[in-house]
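> target18.cif is reproduced below (mmCIF, C-alpha atoms).
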data_model
loop_
_atom_site.label_atom_id
_atom_site.label_comp_id
_atom_site.auth_asym_id
_atom_site.auth_seq_id
_atom_site.Cartn_x
_atom_site.Cartn_y
_atom_site.Cartn_z
CA MET K 1 92.49 105.45 71.14
CA LEU K 2 95.69 104.09 72.53
CA TRP K 3 97.56 102.07 69.91
CA LYS K 4 100.36 99.92 71.31
CA TYR K 5 103.02 97.86 69.60
CA GLY K 6 105.10 95.60 71.82
CA PHE K 7 108.69 95.21 70.69
CA ASN K 8 109.34 92.69 73.49
CA ASP K 9 108.22 92.00 77.08
CA LYS K 10 109.81 95.26 78.31
CA VAL K 11 109.16 97.97 75.66
CA GLU K 12 106.10 99.12 73.73
CA LEU K 13 105.57 101.94 71.25
CA ARG K 14 102.42 104.02 71.84
CA VAL K 15 100.33 106.25 69.57
CA ILE K 16 97.43 108.10 71.19
CA THR K 17 94.54 109.58 69.21
CA GLU K 18 91.71 111.31 71.09
CA PHE K 19 88.32 112.69 70.18
CA SER K 20 86.58 114.74 72.86
CA LEU K 21 83.24 116.38 73.55
CA SER K 22 83.08 119.27 76.02
CA THR K 23 79.69 120.66 76.98
CA THR K 24 78.65 123.78 78.81
CA PRO K 25 75.16 125.23 79.22
CA ALA K 26 75.90 127.46 76.20
CA SER K 27 77.56 125.03 73.77
CA SER K 28 79.00 121.66 72.86
CA VAL K 29 82.44 121.42 71.28
CA TYR K 30 83.75 118.33 69.47
CA GLU K 31 87.52 118.22 69.00
CA LEU K 32 90.14 115.91 67.55
CA GLN K 33 93.14 116.25 69.86
CA PRO K 34 96.75 116.29 68.59
CA VAL K 35 98.30 112.84 68.07
CA SER K 36 100.78 111.80 70.79
CA LEU K 37 103.76 109.51 70.21
CA GLY K 38 105.47 107.73 73.05
CA PHE K 39 106.67 104.55 74.68
CA LYS K 40 106.40 102.53 77.87
CA THR K 41 109.23 100.52 79.36
CA SER K 42 109.38 98.20 82.34
CA LEU K 43 112.14 99.22 84.77
CA LEU K 44 111.80 96.90 87.80
CA GLU K 45 109.70 93.86 88.64
CA GLU K 46 107.78 93.63 91.91
CA LYS K 47 109.78 92.01 94.70
CA GLY K 48 108.24 91.79 98.17
CA ILE K 49 107.13 95.25 99.27
CA PHE K 50 108.99 96.89 96.38
CA PRO K 51 106.58 97.66 93.51
CA LYS K 52 106.76 96.92 89.82
CA VAL K 53 108.02 100.17 88.22
CA SER K 54 107.54 101.35 84.63
CA PHE K 55 108.23 104.60 82.78
CA ILE K 56 105.87 106.16 80.21
CA GLY K 57 107.06 109.02 78.01
CA LYS K 58 105.24 110.82 75.22
CA ALA K 59 105.23 114.01 73.20
CA GLU K 60 102.82 115.81 70.89
CA VAL K 61 102.94 118.82 68.62
CA LYS K 62 100.50 121.59 69.57
CA LYS K 63 99.82 125.06 68.20
CA SER K 64 100.56 127.63 70.90
CA GLU K 65 98.47 130.81 70.67
CA VAL K 66 100.74 132.53 73.21
CA LEU K 67 104.04 131.56 71.58
CA GLN K 68 102.59 131.89 68.04
CA ARG K 69 104.22 128.69 66.82
CA LYS K 70 103.96 124.92 66.96
CA THR K 71 105.42 123.49 70.15
CA ILE K 72 106.44 119.97 71.14
CA THR K 73 104.90 119.25 74.53
CA PRO K 74 106.47 116.37 76.47
CA ALA K 75 104.94 114.30 79.26
CA PHE K 76 106.18 111.48 81.46
CA ARG K 77 105.10 109.37 84.38
CA PHE K 78 106.46 106.67 86.59
CA THR K 79 103.95 103.91 87.30
CA PHE K 80 104.12 101.70 90.38
CA GLN K 81 102.13 98.56 91.18
CA ASN K 82 101.92 96.29 94.21
CA ASN K 83 99.86 93.10 94.23
CA LEU K 84 98.31 93.04 97.69
CA ASN K 85 96.95 89.52 97.17
CA PRO K 86 96.08 87.38 94.11
CA LYS K 87 92.86 89.39 93.48
CA THR K 88 93.78 92.92 94.63
CA SER K 89 96.36 95.42 93.35
CA LEU K 90 97.39 98.93 94.30
CA GLY K 91 98.64 101.22 91.54
CA TYR K 92 100.07 104.70 91.86
CA ASN K 93 101.68 107.13 89.44
CA LEU K 94 103.71 110.31 89.61
CA GLY K 95 104.42 112.39 86.55
CA MET K 96 104.62 115.70 84.81
CA PHE K 97 103.54 117.28 81.53
CA TRP K 98 103.82 120.64 79.83
CA ASN K 99 101.07 122.52 77.99
CA GLU K 100 101.39 124.34 74.66
CA ASP K 101 102.72 127.43 76.49
CA LEU K 102 105.37 125.26 78.17
CA HIS K 103 103.94 125.61 81.70
CA GLU K 104 104.41 122.46 83.78
CA THR K 105 101.71 120.46 85.53
CA TYR K 106 102.31 117.61 87.97
CA LEU K 107 100.01 114.60 88.14
CA TYR K 108 99.35 111.84 90.63
CA THR K 109 97.06 108.81 90.85
CA LEU K 110 96.20 106.23 93.46
CA ALA K 111 94.07 103.27 92.33
CA LEU K 112 92.81 100.11 93.96
CA GLY K 113 91.84 97.26 91.61
CA LYS K 114 89.97 94.10 92.48
CA SER K 115 89.17 90.95 90.52
CA ILE K 116 85.54 89.84 90.90
CA SER K 117 85.96 86.86 88.58
CA PRO K 118 88.54 85.74 86.00
CA LYS K 119 86.84 88.04 83.44
CA LEU K 120 85.39 90.91 85.52
CA ASN K 121 87.41 93.50 87.46
CA TYR K 122 86.64 96.83 89.09
CA PHE K 123 88.71 99.77 90.29
CA VAL K 124 88.38 102.96 92.28
CA GLU K 125 90.86 105.79 91.78
CA ILE K 126 91.65 109.25 93.06
CA TYR K 127 93.86 111.42 90.90
CA GLY K 128 94.77 115.00 90.33
CA LEU K 129 96.72 117.69 88.61
CA VAL K 130 98.77 120.36 90.37
CA SER K 131 100.18 123.40 88.59
CA PRO K 132 102.09 126.41 89.96
CA ASN K 133 99.69 128.85 88.26
CA GLN K 134 96.35 127.12 88.84
CA THR K 135 94.22 125.65 91.64
CA ALA K 136 94.60 121.87 92.13
CA ASP K 137 92.23 119.68 90.10
CA THR K 138 91.26 116.53 92.03
CA ARG K 139 88.90 113.82 90.78
CA LEU K 140 87.48 110.48 91.92
CA ASN K 141 86.39 107.73 89.57
CA GLY K 142 85.65 104.05 89.38
CA GLY K 143 84.85 101.51 86.75
CA PHE K 144 84.81 97.99 85.42
CA THR K 145 86.69 95.95 82.85
CA TYR K 146 85.26 92.83 81.24
CA LEU K 147 87.47 90.39 79.33
CA ILE K 148 85.36 88.90 76.52
CA ASN K 149 88.26 86.69 75.40
CA ASP K 150 92.08 86.75 75.51
CA ASN K 151 92.17 89.48 72.82
CA PHE K 152 89.07 91.60 73.46
CA MET K 153 88.16 93.68 76.55
CA LEU K 154 85.44 96.24 77.33
CA ASP K 155 85.76 98.94 79.98
CA THR K 156 83.62 101.66 81.46
CA SER K 157 84.22 104.29 84.12
CA SER K 158 82.63 107.37 85.56
CA GLY K 159 83.63 109.92 88.12
CA ILE K 160 83.22 113.27 89.75
CA GLY K 161 85.35 116.32 90.31
CA LEU K 162 86.31 117.06 93.91
CA SER K 163 87.64 120.59 93.41
CA GLU K 164 86.05 123.75 92.00
CA ILE K 165 87.93 123.67 88.69
CA SER K 166 87.32 119.93 88.07
CA ALA K 167 84.75 118.61 85.64
CA LYS K 168 81.55 118.03 87.62
CA HIS K 169 81.15 114.52 86.27
CA PHE K 170 82.36 112.37 83.42
CA PHE K 171 81.74 109.01 81.82
CA SER K 172 83.86 106.89 79.51
CA PHE K 173 83.50 103.67 77.59
CA GLY K 174 86.28 101.83 75.83
CA LEU K 175 87.31 98.67 74.15
CA SER K 176 90.65 96.99 73.68
CA TYR K 177 91.48 94.53 70.95
CA ARG K 178 94.82 92.78 70.55
CA LEU K 179 95.99 92.14 67.01
CA LYS K 180 98.70 89.54 66.57
CA LEU K 181 100.95 91.01 63.89
CA GLN K 182 103.69 88.37 64.22
CA GLN K 183 103.51 84.61 64.64
#
Please express what this file holds, its structure, as structure tokens.

Amino acid sequence: MLWKYGFNDKVELRVITEFSLSTTPASSVYELQPVSLGFKTSLLEEKGIFPKVSFIGKAEVKKSEVLQRKTITPAFRFTFQNNLNPKTSLGYNLGMFWNEDLHETYLYTLALGKSISPKLNYFVEIYGLVSPNQTADTRLNGGFTYLINDNFMLDTSSGIGLSEISAKHFFSFGLSYRLKLQQ
């Protein structure tokens, strides 16, 4: 779950809680991931060919088996968005994060989004992770969002791994609900 609190039109506080299921032929593992705290801030608005630019930063506390202590692992990304026309947008991100052993990994995304109707949108995205001590992990996914009303949205996506170390396939379902805490 991604919990967001908007301080104003430019800055939001973010709390991320994740529950995951990983399956192999031998077992299934359910895990509650460490809680991440972070923020997102708008840096530049789109102007002509120059994209809208935002910065997302976060950190979480993880137990490192190698370092034998708890470690704060930071992550950041710059997000870019160009509206190609009133119904189509191109988004791309560049970022970096560190694991519990403080090894860095670089990430990238390239996504094309399209509005089918005022309530229904779809996207297709290629993204990946590159680390100095591991083979690149590249994936392709796509999905839909459906706006039930101004405060409630459903989304679904699925994808495949394109490299040997990637997950073979994955599926996700989500919902977003906006609570108005202030009048």
> What does the PyMOL selection byres ((chain K and resi 107) around 6) select in this file, as an mmCIF file with C-alpha atoms, keeping the file's coordinate frame?

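Contents of the output file part_23.cif:
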data_model
loop_
_atom_site.group_PDB
_atom_site.id
_atom_site.type_symbol
_atom_site.label_atom_id
_atom_site.label_comp_id
_atom_site.auth_asym_id
_atom_site.auth_seq_id
_atom_site.Cartn_x
_atom_site.Cartn_y
_atom_site.Cartn_z
ATOM 1 C CA LEU K 94 103.710 110.310 89.610
ATOM 2 C CA GLY K 95 104.420 112.390 86.550
ATOM 3 C CA MET K 96 104.620 115.700 84.810
ATOM 4 C CA TYR K 106 102.310 117.610 87.970
ATOM 5 C CA TYR K 108 99.350 111.840 90.630
ATOM 6 C CA GLY K 128 94.770 115.000 90.330
ATOM 7 C CA LEU K 129 96.720 117.690 88.610
#
> Just so the selection is clear, what residues does the PyMOL selection byres ((chain K and resi 104) around 12) cover here, as a ChimeraX atom specification?
/K:73-76,95-103,105-107,129-134
> Can you list what the PyMOL selection byres ((chain K and resi 150) around 12) grabs from this structure, as a VMD selection string?
chain K and resid 118 to 119 146 to 149 151 to 154 176 to 180
> Could you please take those selected residues and save C-alpha atoms as a PDB file, in the coordinates of the input?

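Below is the file that was written, again_1.pdb:
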ATOM      1  CA  PRO K 118      88.540  85.740  86.000  1.00  0.00           C
ATOM      2  CA  LYS K 119      86.840  88.040  83.440  1.00  0.00           C
ATOM      3  CA  TYR K 146      85.260  92.830  81.240  1.00  0.00           C
ATOM      4  CA  LEU K 147      87.470  90.390  79.330  1.00  0.00           C
ATOM      5  CA  ILE K 148      85.360  88.900  76.520  1.00  0.00           C
ATOM      6  CA  ASN K 149      88.260  86.690  75.400  1.00  0.00           C
ATOM      7  CA  ASN K 151      92.170  89.480  72.820  1.00  0.00           C
ATOM      8  CA  PHE K 152      89.070  91.600  73.460  1.00  0.00           C
ATOM      9  CA  MET K 153      88.160  93.680  76.550  1.00  0.00           C
ATOM     10  CA  LEU K 154      85.440  96.240  77.330  1.00  0.00           C
ATOM     11  CA  SER K 176      90.650  96.990  73.680  1.00  0.00           C
ATOM     12  CA  TYR K 177      91.480  94.530  70.950  1.00  0.00           C
ATOM     13  CA  ARG K 178      94.820  92.780  70.550  1.00  0.00           C
ATOM     14  CA  LEU K 179      95.990  92.140  67.010  1.00  0.00           C
ATOM     15  CA  LYS K 180      98.700  89.540  66.570  1.00  0.00           C
TER      16      LYS K 180
END
> Calculated over only C-alpha atoms, which of the candidates K:Phe123, K:Phe39, K:Phe171, K:Phe78 has the smallest distance to Val11 (chain K)?
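Closest to Val11 (chain K), using only C-alpha atoms: K:Phe39.
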> Between CA of Glu60 (chain K) and CA of Thr79 (chain K), what is the distance in Å, rounded to a tenth?
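CA of Thr79 (chain K) lies 20.3 Å from CA of Glu60 (chain K).
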> Tell me, in Å to one decimal, how far CA of Arg77 (chain K) is from CA of Ile126 (chain K).
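CA of Ile126 (chain K) lies at a distance of 16.0 Å from CA of Arg77 (chain K).
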> Name the closest residue to Lys40 (chain K) among the candidates K:Lys4, K:Thr71, K:Ser28, K:Ser20; distances are taken between atoms, counting all atoms listed in the file.
K:Lys4
> Could you name the residues that touch Lys168 (chain K) at 10 Å or less, counting only C-alpha atoms, but leaving out those on the same chain fewer than 6 positions away, as an mmCIF file with C-alpha atoms, keeping the file's coordinate frame?

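Printed below is result10.cif as written:
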data_model
loop_
_atom_site.group_PDB
_atom_site.id
_atom_site.type_symbol
_atom_site.label_atom_id
_atom_site.label_comp_id
_atom_site.auth_asym_id
_atom_site.auth_seq_id
_atom_site.Cartn_x
_atom_site.Cartn_y
_atom_site.Cartn_z
ATOM 1 C CA ARG K 139 88.900 113.820 90.780
ATOM 2 C CA GLY K 159 83.630 109.920 88.120
ATOM 3 C CA ILE K 160 83.220 113.270 89.750
ATOM 4 C CA GLY K 161 85.350 116.320 90.310
ATOM 5 C CA LEU K 162 86.310 117.060 93.910
#
> Env of Leu110 (chain K): 10 Å cut, atoms = only C-alpha atoms, seq-sep filter 4 positions within chain, self excluded. Answer as a ChimeraX atom specification.
/K:80-81,90-94,124-128,140
> Choose the residue, out of K:Glu18, K:Leu43, K:Ala59, K:Asn121, that has the smallest atom-to-atom separation from Glu31 (chain K); count only C-alpha atoms.
K:Glu18
> Please report the interatomic distance between CA of Lys47 (chain K) and CA of Lys114 (chain K) in Å with one decimal.
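Separation between CA of Lys47 (chain K) and CA of Lys114 (chain K): 20.0 Å.
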> Would you give the centre and edge lengths, in Å to one decimal, of a box along x, y and z around the listed atoms of region 70-85 of chain K, with 5 Å added to each side, as AutoDock Vina command-line options?

--center_x 101.7 --center_y 107.2 --center_z 82.3 --size_x 19.5 --size_y 45.4 --size_z 40.7
> Need the shell around Phe19 (chain K): protein/DNA/RNA residues with any atom at most 10 Å away, counting all atoms listed in the file. Skip same-chain ones fewer than 6 positions apart. Format as an MDAnalysis selection string?
chainID K and resid 1 30:34
> Quick one: write out the picked residues with C-alpha atoms as an mmCIF file, in the coordinates of the input?

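The file below, again-v1.cif, is the result:
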data_model
loop_
_atom_site.group_PDB
_atom_site.id
_atom_site.type_symbol
_atom_site.label_atom_id
_atom_site.label_comp_id
_atom_site.auth_asym_id
_atom_site.auth_seq_id
_atom_site.Cartn_x
_atom_site.Cartn_y
_atom_site.Cartn_z
ATOM 1 C CA MET K 1 92.490 105.450 71.140
ATOM 2 C CA TYR K 30 83.750 118.330 69.470
ATOM 3 C CA GLU K 31 87.520 118.220 69.000
ATOM 4 C CA LEU K 32 90.140 115.910 67.550
ATOM 5 C CA GLN K 33 93.140 116.250 69.860
ATOM 6 C CA PRO K 34 96.750 116.290 68.590
#
> Using the incomplete input, complete region 51-65 of chain K to the level of N, CA, C and O atoms; output as an mmCIF file, in the coordinates of the input.

data_model
loop_
_atom_site.group_PDB
_atom_site.id
_atom_site.type_symbol
_atom_site.label_atom_id
_atom_site.label_comp_id
_atom_site.auth_asym_id
_atom_site.auth_seq_id
_atom_site.Cartn_x
_atom_site.Cartn_y
_atom_site.Cartn_z
ATOM 1 N N PRO K 51 107.551 97.783 94.603
ATOM 2 C CA PRO K 51 106.580 97.660 93.510
ATOM 3 C C PRO K 51 107.222 97.395 92.149
ATOM 4 O O PRO K 51 108.418 97.600 91.950
ATOM 5 N N LYS K 52 106.381 96.953 91.230
ATOM 6 C CA LYS K 52 106.760 96.920 89.820
ATOM 7 C C LYS K 52 106.815 98.390 89.381
ATOM 8 O O LYS K 52 105.935 99.182 89.729
ATOM 9 N N VAL K 53 107.844 98.776 88.641
ATOM 10 C CA VAL K 53 108.020 100.170 88.220
ATOM 11 C C VAL K 53 108.167 100.214 86.700
ATOM 12 O O VAL K 53 108.946 99.445 86.130
ATOM 13 N N SER K 54 107.425 101.110 86.072
ATOM 14 C CA SER K 54 107.540 101.350 84.630
ATOM 15 C C SER K 54 107.657 102.847 84.388
ATOM 16 O O SER K 54 107.322 103.666 85.250
ATOM 17 N N PHE K 55 108.110 103.194 83.190
ATOM 18 C CA PHE K 55 108.230 104.600 82.780
ATOM 19 C C PHE K 55 107.456 104.765 81.483
ATOM 20 O O PHE K 55 107.587 103.955 80.555
ATOM 21 N N ILE K 56 106.624 105.817 81.419
ATOM 22 C CA ILE K 56 105.870 106.160 80.210
ATOM 23 C C ILE K 56 106.291 107.558 79.794
ATOM 24 O O ILE K 56 106.237 108.495 80.601
ATOM 25 N N GLY K 57 106.710 107.708 78.555
ATOM 26 C CA GLY K 57 107.060 109.020 78.010
ATOM 27 C C GLY K 57 106.305 109.250 76.724
ATOM 28 O O GLY K 57 106.022 108.305 75.979
ATOM 29 N N LYS K 58 105.925 110.497 76.470
ATOM 30 C CA LYS K 58 105.240 110.820 75.220
ATOM 31 C C LYS K 58 105.464 112.284 74.877
ATOM 32 O O LYS K 58 105.918 113.073 75.709
ATOM 33 N N ALA K 59 105.146 112.624 73.652
ATOM 34 C CA ALA K 59 105.230 114.010 73.200
ATOM 35 C C ALA K 59 104.195 114.219 72.103
ATOM 36 O O ALA K 59 103.812 113.283 71.407
ATOM 37 N N GLU K 60 103.742 115.459 71.973
ATOM 38 C CA GLU K 60 102.820 115.810 70.890
ATOM 39 C C GLU K 60 103.134 117.204 70.410
ATOM 40 O O GLU K 60 103.747 118.000 71.121
ATOM 41 N N VAL K 61 102.730 117.486 69.192
ATOM 42 C CA VAL K 61 102.940 118.820 68.620
ATOM 43 C C VAL K 61 101.620 119.578 68.747
ATOM 44 O O VAL K 61 100.581 119.104 68.308
ATOM 45 N N LYS K 62 101.683 120.752 69.381
ATOM 46 C CA LYS K 62 100.500 121.590 69.570
ATOM 47 C C LYS K 62 100.770 122.986 69.041
ATOM 48 O O LYS K 62 101.901 123.463 69.067
ATOM 49 N N LYS K 63 99.722 123.660 68.633
ATOM 50 C CA LYS K 63 99.820 125.060 68.200
ATOM 51 C C LYS K 63 99.641 125.924 69.445
ATOM 52 O O LYS K 63 98.641 125.830 70.141
ATOM 53 N N SER K 64 100.624 126.748 69.752
ATOM 54 C CA SER K 64 100.560 127.630 70.900
ATOM 55 C C SER K 64 100.101 129.019 70.456
ATOM 56 O O SER K 64 100.755 129.654 69.636
ATOM 57 N N GLU K 65 98.970 129.464 70.988
ATOM 58 C CA GLU K 65 98.470 130.810 70.670
ATOM 59 C C GLU K 65 99.353 131.869 71.321
ATOM 60 O O GLU K 65 99.561 132.941 70.770
#
